[in-house]
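Asks: Got a structure here, written out as structure tokens. Questions coming.
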Amino acid sequence: MTQKKRPPLEWAHDLLRPALPPERLASLRVLTGFFTLVYLGARGPGILAAIYQAPHLFQPVGPVKLLSAPAAPAVTYTFYALAWVFGLAFFLGWRFRLTAPAFTFCLMWVLAYRNSWGMVFHTENLMMLHVTLLSLTDAGAAYSLDARRRKATPAADRRFGFGVRVLCIGTATAYVLAGVAKLKVTGLEWAGGDILRNHISNDNLRKLLLGDSYSEIGMWLAKTPWVFPYLAVFSLALELGAPIALLGDRLGKAWCLVTWSFHFGVLLVMWIFFPYNLFFIAFGSFFAAERLVGPVWARLKRALGRAG
């Protein structure tokens with residue numbers, strides 16, 4: 001019996017669009033949606049404080065560039081409230097095809113408006129990217145209120161796998177762009193370590209002088225210059241080498257764990273907190289997230305059933 005030949009580049013097709021269960025993609029929606037709601041709550045005072053800033057500090061970024069002057073306070077409150085409403089619908093998967101894009105726009109506006117006053121929070125970029133990508137997929141096909149109206153959950157399909165892989169590609173691309181930005185600003189001098197050492201020293205010193213929280217570990221580490229070339233090369237290799245995570249399941253998981261340790265190191269030496277990354281939500285697309293979300297969603301579904 002002759003073996004059937006595989007079509008050319010079938011391996012690439014399987015890598016980009018594997019057949020995955022809808023629960024995998026839906027789990028990423030649940031995790032990202034829950035985290036974003038918590039983040040909106042935690043950052044709420046800072047987001048709403050933008051309405052009290054001096055008008056001359058207004059430097060619009062992103063979609064807020066449509067404005068030539070600060071928006072009225074009522075606009076900020078309205079978008080923040082809508083972000084909560086649509087964010088809850090995103091999390092629960094209610095009318096997902098309509099509410100998910102609405103949530104994406106409201107969240108983008110709220111975060112961009114807060115970032116339009118002199119300080120841009122780069123820690124939000126990957127979270128915003130994942131919300132945007134999820135809103136373009138069929139992430140409401142399972143673990144959702146929409147799914148409760150269907151007689152059966154869809155079977156594993158390539159469209160769900162493609163959605164998951166798009167999130168993985170988005171994650172890897174974000175890190176590559178971070179590495180490219182380093183090279184664009186500093187060139188190969190970054191690998192020498194002095195730039196990284198000065199950056200850590202200056203950041204911690206600024207925080208110390210302003211009475212903000214700073215890293216004593218970072219201040220101590222700045223006294224050992226020999227270690228910084230290794231740290232600089234490691235960070236650059238980790239970011240520029242991010243696409244390796246797309247080449248296989250084990251490689252992806254290994255890269256995620258190493259990258260998480262990188263963010264933990266940034267927290268230790270600079271006291272800069274990347275919550276979306278450190279809580280591991282950013283790397284969920286590389287794992288079987290439904291193993292975590294499935295049991296929790298089953299309990300929530302039973303609770304909603306009793307309430308209904």
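Every chain in the structure tokens has a letter given in the order shown (A, B, ...), and although residue numbers restart at 1 in each chain, ligands are simply numbered from 1 in the order shown.
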Excluding segment 99-115 of chain A and residues on its chain fewer than 5 positions from it, collect all residues at most 8 Å away from it, counting only C-alpha atoms, and give them as a list in words.
Replies: Gly46, Ile47, Leu48, Ala50, Pro60, Val61, Gly62, Pro63, Val64, Thr76, Phe79, Tyr80, Leu82, Ala83, Phe86, Gly87, Ala89, Phe90, Trp94, Val120, Phe121, Met128, Val131, Thr132, Leu134, Ser135 and Leu136 of chain A
Asks: Any idea what's packed within 8 Å of Tyr143 of chain A, counting only C-alpha atoms, ignoring anything in its chain fewer than 4 positions away? Could you give it as JSON, numbers by chain?
Replies: {"A": [23, 26, 27, 30, 92, 93, 147, 294, 297]}
Asks: Take the residues just selected and output them with N, CA and C atoms as a compact mmCIF listing (two decimals), in the first residue's frame.
Replies:
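Once everything was written out, this is part-v6.txt:
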# COMPACT_ATOMS: atom_id res chain seq x y z
N GLU A 23 -13.27 25.77 22.94
CA GLU A 23 -13.00 26.11 24.33
C GLU A 23 -11.63 26.75 24.51
N ALA A 26 -12.06 30.38 23.46
CA ALA A 26 -12.98 31.01 24.40
C ALA A 26 -12.31 31.25 25.75
N SER A 27 -11.45 30.33 26.16
CA SER A 27 -10.74 30.49 27.43
C SER A 27 -9.87 31.74 27.42
N VAL A 30 -12.09 34.68 28.03
CA VAL A 30 -12.48 34.77 29.44
C VAL A 30 -11.34 35.33 30.28
N LEU A 92 -18.38 37.70 29.34
CA LEU A 92 -19.45 36.70 29.38
C LEU A 92 -19.81 36.16 28.01
N GLY A 93 -19.30 36.77 26.96
CA GLY A 93 -19.62 36.30 25.61
C GLY A 93 -21.07 36.54 25.23
N ALA A 147 -23.29 30.90 23.60
CA ALA A 147 -23.25 29.45 23.40
C ALA A 147 -24.43 28.76 24.09
N GLY A 294 -12.22 25.96 32.13
CA GLY A 294 -13.37 25.07 32.03
C GLY A 294 -14.08 24.81 33.35
N TRP A 297 -15.69 28.05 34.66
CA TRP A 297 -16.85 28.47 33.88
C TRP A 297 -18.06 27.57 34.17
Asks: So the first atom is atom CA of Phe286 of chain A and the second is atom CA of Pro22 of chain A; what is the distance between them in Å, to one decimal place?
Replies: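 Computing the Euclidean distance for atom CA of Phe286 of chain A and atom CA of Pro22 of chain A yields 14.9 Å.
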Asks: Taking into account only C-alpha atoms, which residue in the set A:Glu189, A:Ile281, A:Phe274, A:Val164 is nearest to His122 of chain A?
Replies: A:Phe274
Asks: Residues at most 12 Å from Val176 of chain A, counting only C-alpha atoms, excluding those fewer than 4 positions away in the same chain, as a list in words?
Replies: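 The residues satisfying every condition are Ile169, Gly170, Thr171, Ala172, Val180, Ala181, Lys182, Leu183, Ser235, Leu236, Ala237, Leu238, Glu239, Leu240, Gly241, Ala242, Pro243, Ile244 and Ala245 of chain A.
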Asks: Keeping only N, CA and C atoms, write the selected residues to a file as an mmCIF file, in the first residue's frame.
Replies:
data_model
loop_
_atom_site.group_PDB
_atom_site.id
_atom_site.type_symbol
_atom_site.label_atom_id
_atom_site.label_comp_id
_atom_site.auth_asym_id
_atom_site.auth_seq_id
_atom_site.Cartn_x
_atom_site.Cartn_y
_atom_site.Cartn_z
ATOM 1 N N ILE A 169 1.062 34.844 17.431
ATOM 2 C CA ILE A 169 1.848 35.672 16.516
ATOM 3 C C ILE A 169 1.879 37.122 17.005
ATOM 4 N N GLY A 170 0.743 37.605 17.501
ATOM 5 C CA GLY A 170 0.695 38.966 18.035
ATOM 6 C C GLY A 170 1.636 39.141 19.209
ATOM 7 N N THR A 171 1.674 38.141 20.087
ATOM 8 C CA THR A 171 2.572 38.202 21.241
ATOM 9 C C THR A 171 4.024 38.242 20.800
ATOM 10 N N ALA A 172 4.398 37.333 19.914
ATOM 11 C CA ALA A 172 5.775 37.283 19.431
ATOM 12 C C ALA A 172 6.150 38.578 18.718
ATOM 13 N N VAL A 180 13.495 45.581 18.230
ATOM 14 C CA VAL A 180 13.825 46.470 17.114
ATOM 15 C C VAL A 180 13.918 47.914 17.601
ATOM 16 N N ALA A 181 13.026 48.293 18.515
ATOM 17 C CA ALA A 181 13.057 49.657 19.060
ATOM 18 C C ALA A 181 14.367 49.925 19.788
ATOM 19 N N LYS A 182 14.864 48.937 20.519
ATOM 20 C CA LYS A 182 16.150 49.097 21.208
ATOM 21 C C LYS A 182 17.262 49.356 20.196
ATOM 22 N N LEU A 183 17.294 48.550 19.134
ATOM 23 C CA LEU A 183 18.335 48.703 18.125
ATOM 24 C C LEU A 183 18.190 50.010 17.355
ATOM 25 N N SER A 235 18.318 40.108 26.989
ATOM 26 C CA SER A 235 17.037 40.768 26.705
ATOM 27 C C SER A 235 16.823 40.940 25.213
ATOM 28 N N LEU A 236 17.886 41.290 24.500
ATOM 29 C CA LEU A 236 17.773 41.484 23.055
ATOM 30 C C LEU A 236 17.493 40.171 22.334
ATOM 31 N N ALA A 237 18.184 39.119 22.749
ATOM 32 C CA ALA A 237 17.976 37.808 22.125
ATOM 33 C C ALA A 237 16.576 37.289 22.411
ATOM 34 N N LEU A 238 16.090 37.535 23.611
ATOM 35 C CA LEU A 238 14.759 37.078 23.988
ATOM 36 C C LEU A 238 13.690 37.745 23.139
ATOM 37 N N GLU A 239 13.843 39.031 22.902
ATOM 38 C CA GLU A 239 12.837 39.777 22.140
ATOM 39 C C GLU A 239 12.933 39.503 20.642
ATOM 40 N N LEU A 240 14.122 39.607 20.094
ATOM 41 C CA LEU A 240 14.275 39.364 18.655
ATOM 42 C C LEU A 240 14.068 37.896 18.304
ATOM 43 N N GLY A 241 14.313 37.017 19.263
ATOM 44 C CA GLY A 241 14.140 35.585 19.020
ATOM 45 C C GLY A 241 12.756 35.076 19.336
ATOM 46 N N ALA A 242 11.815 35.977 19.617
ATOM 47 C CA ALA A 242 10.461 35.566 19.981
ATOM 48 C C ALA A 242 9.784 34.670 18.949
ATOM 49 N N PRO A 243 10.014 34.856 17.644
ATOM 50 C CA PRO A 243 9.359 33.977 16.657
ATOM 51 C C PRO A 243 9.656 32.503 16.841
ATOM 52 N N ILE A 244 10.722 32.162 17.571
ATOM 53 C CA ILE A 244 11.014 30.742 17.800
ATOM 54 C C ILE A 244 9.883 30.075 18.566
ATOM 55 N N ALA A 245 9.122 30.876 19.323
ATOM 56 C CA ALA A 245 8.007 30.334 20.089
ATOM 57 C C ALA A 245 6.884 29.819 19.199
#
Asks: Between A:Phe162, A:Phe287, A:Tyr52, A:Trp271, single out the one closest to Glu216 of chain A, counting only C-alpha atoms.
Replies: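 So, comparing all the options, the nearest one is A:Trp271.
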Asks: One decimal, Å: what's the distance from atom CA of Phe279 of chain A over to atom CA of Ala42 of chain A, could you say?
Replies: 14.7 Å
Asks: I'd like the contact shell of Leu88 of chain A - 8 Å cut-off, only C-alpha atoms, skipping same-chain residues fewer than 4 positions apart - returned as a list in words.
Replies: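 My reading of the contact set: Gly33, Leu37, Trp84 and Leu92 of chain A.
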Asks: Using only C-alpha atoms, which protein or nucleic acid residues come within 7 Å of segment 254-261 of chain A? Drop anything in the same chain fewer than 5 positions from it, and give the result as a CSV table (one decimal) with N, CA and C atoms, in the first residue's frame.
Replies:
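Result file out.csv:
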chain,number,residue,atom,x,y,z
A,245,ALA,N,9.1,30.9,19.3
A,245,ALA,CA,8.0,30.3,20.1
A,245,ALA,C,6.9,29.8,19.2
A,277,ASN,N,1.6,40.5,31.8
A,277,ASN,CA,2.6,39.5,31.5
A,277,ASN,C,2.9,38.7,32.8
A,278,LEU,N,3.1,39.3,33.9
A,278,LEU,CA,3.5,38.6,35.1
A,278,LEU,C,2.4,37.7,35.7
A,283,PHE,N,0.6,35.0,28.0
A,283,PHE,CA,1.1,33.8,27.4
A,283,PHE,C,0.1,32.7,27.3
Asks: Can you work out which one of A:Val269, A:Leu129, A:Leu210, A:Leu15 has the shortest atom-to-atom distance to Ala282 of chain A, counting only C-alpha atoms?
Replies: A:Leu129
Asks: Pick out the closest residue to Asp138 of chain A from this set: A:Lys151, A:Arg250, A:Arg165, A:Arg97. Count only C-alpha atoms.
Replies: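 Comparing A:Lys151, A:Arg250, A:Arg165, A:Arg97 against Asp138 of chain A, the winner is A:Arg97.
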Asks: Could you give me, as JSON, numbers by chain, each residue of segment 39-126 of chain A that DSSP assigns to helix (DSSP H, G or I) when run on this structure's backbone?
Replies: {"A": [39, 40, 41, 42, 43, 44, 45, 46, 47, 48, 49, 50, 51, 52, 55, 56, 57, 62, 63, 64, 65, 66, 73, 74, 75, 76, 77, 78, 79, 80, 81, 82, 83, 84, 85, 86, 87, 88, 89, 90, 91, 92, 96, 97, 98, 99, 100, 101, 102, 103, 104, 105, 106, 107, 108, 109, 110, 111, 112, 113, 114, 122, 123, 124, 125, 126]}
Asks: Go ahead and save the residues from that selection, with C-alpha atoms, as a short mmCIF file (atom, residue, chain, number, x, y, z; two decimals), in the first residue's frame.
Replies:
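Wrote selection.cif, looks like this:
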data_model
loop_
_atom_site.label_atom_id
_atom_site.label_comp_id
_atom_site.auth_asym_id
_atom_site.auth_seq_id
_atom_site.Cartn_x
_atom_site.Cartn_y
_atom_site.Cartn_z
CA TYR A 39 -7.35 46.39 35.35
CA LEU A 40 -10.02 48.98 34.55
CA GLY A 41 -11.12 48.90 38.16
CA ALA A 42 -7.60 49.17 39.57
CA ARG A 43 -6.60 51.93 37.15
CA GLY A 44 -9.96 53.70 37.36
CA PRO A 45 -8.82 56.57 39.64
CA GLY A 46 -5.82 57.28 37.41
CA ILE A 47 -7.90 57.07 34.24
CA LEU A 48 -10.54 59.47 35.53
CA ALA A 49 -7.91 61.79 37.02
CA ALA A 50 -7.07 62.84 33.47
CA ILE A 51 -10.05 65.20 33.52
CA TYR A 52 -8.29 67.32 36.16
CA PRO A 55 -4.98 71.52 29.25
CA HIS A 56 -1.47 72.46 28.13
CA LEU A 57 -0.25 68.99 29.11
CA GLY A 62 -3.67 56.85 19.24
CA PRO A 63 -7.33 57.52 18.36
CA VAL A 64 -7.34 60.53 20.70
CA LYS A 65 -5.35 62.36 18.02
CA LEU A 66 -8.77 63.08 16.53
CA PRO A 73 -15.34 65.37 31.56
CA ALA A 74 -18.68 63.80 30.60
CA VAL A 75 -17.00 62.17 27.57
CA THR A 76 -14.35 60.54 29.76
CA TYR A 77 -16.92 59.26 32.24
CA THR A 78 -19.11 57.94 29.41
CA PHE A 79 -16.34 56.03 27.68
CA TYR A 80 -15.14 54.59 30.98
CA ALA A 81 -18.66 53.41 31.84
CA LEU A 82 -19.16 51.95 28.35
CA ALA A 83 -15.83 50.14 28.61
CA TRP A 84 -17.14 48.43 31.74
CA VAL A 85 -20.49 47.53 30.15
CA PHE A 86 -19.02 46.16 26.93
CA GLY A 87 -16.12 44.62 28.85
CA LEU A 88 -18.53 42.57 30.93
CA ALA A 89 -20.32 41.49 27.74
CA PHE A 90 -16.93 40.55 26.26
CA PHE A 91 -16.08 38.47 29.32
CA LEU A 92 -19.45 36.70 29.38
CA PHE A 96 -20.00 38.83 21.12
CA ARG A 97 -19.81 39.81 17.47
CA LEU A 98 -21.30 43.21 18.33
CA THR A 99 -20.09 43.90 21.85
CA ALA A 100 -16.48 42.77 21.34
CA PRO A 101 -15.62 45.44 18.71
CA ALA A 102 -17.45 48.02 20.83
CA PHE A 103 -15.39 47.02 23.85
CA THR A 104 -12.20 47.22 21.81
CA PHE A 105 -12.95 50.77 20.72
CA CYS A 106 -14.01 51.99 24.17
CA LEU A 107 -11.04 50.38 25.89
CA MET A 108 -8.62 51.79 23.30
CA TRP A 109 -10.09 55.26 23.73
CA VAL A 110 -9.99 55.12 27.54
CA LEU A 111 -6.38 53.93 27.69
CA ALA A 112 -5.20 56.26 24.93
CA TYR A 113 -6.85 59.26 26.59
CA ARG A 114 -5.12 58.48 29.88
CA HIS A 122 3.65 50.57 27.55
CA THR A 123 2.55 47.84 29.96
CA GLU A 124 -0.94 48.06 28.41
CA ASN A 125 0.06 47.51 24.78
CA LEU A 126 -0.05 43.71 24.63
#
Asks: Between A:Phe262, A:Phe160, A:Trp117, A:Phe35, which has the minimum distance to His130 of chain A (counting only C-alpha atoms)?
Replies: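 Looking at the shortest contact to His130 of chain A, the residue is A:Phe35.
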Asks: Can you tell me how far atom CA of Leu251 of chain A sits from atom CA of Val166 of chain A, in Å to one decimal?
Replies: 16.8 Å
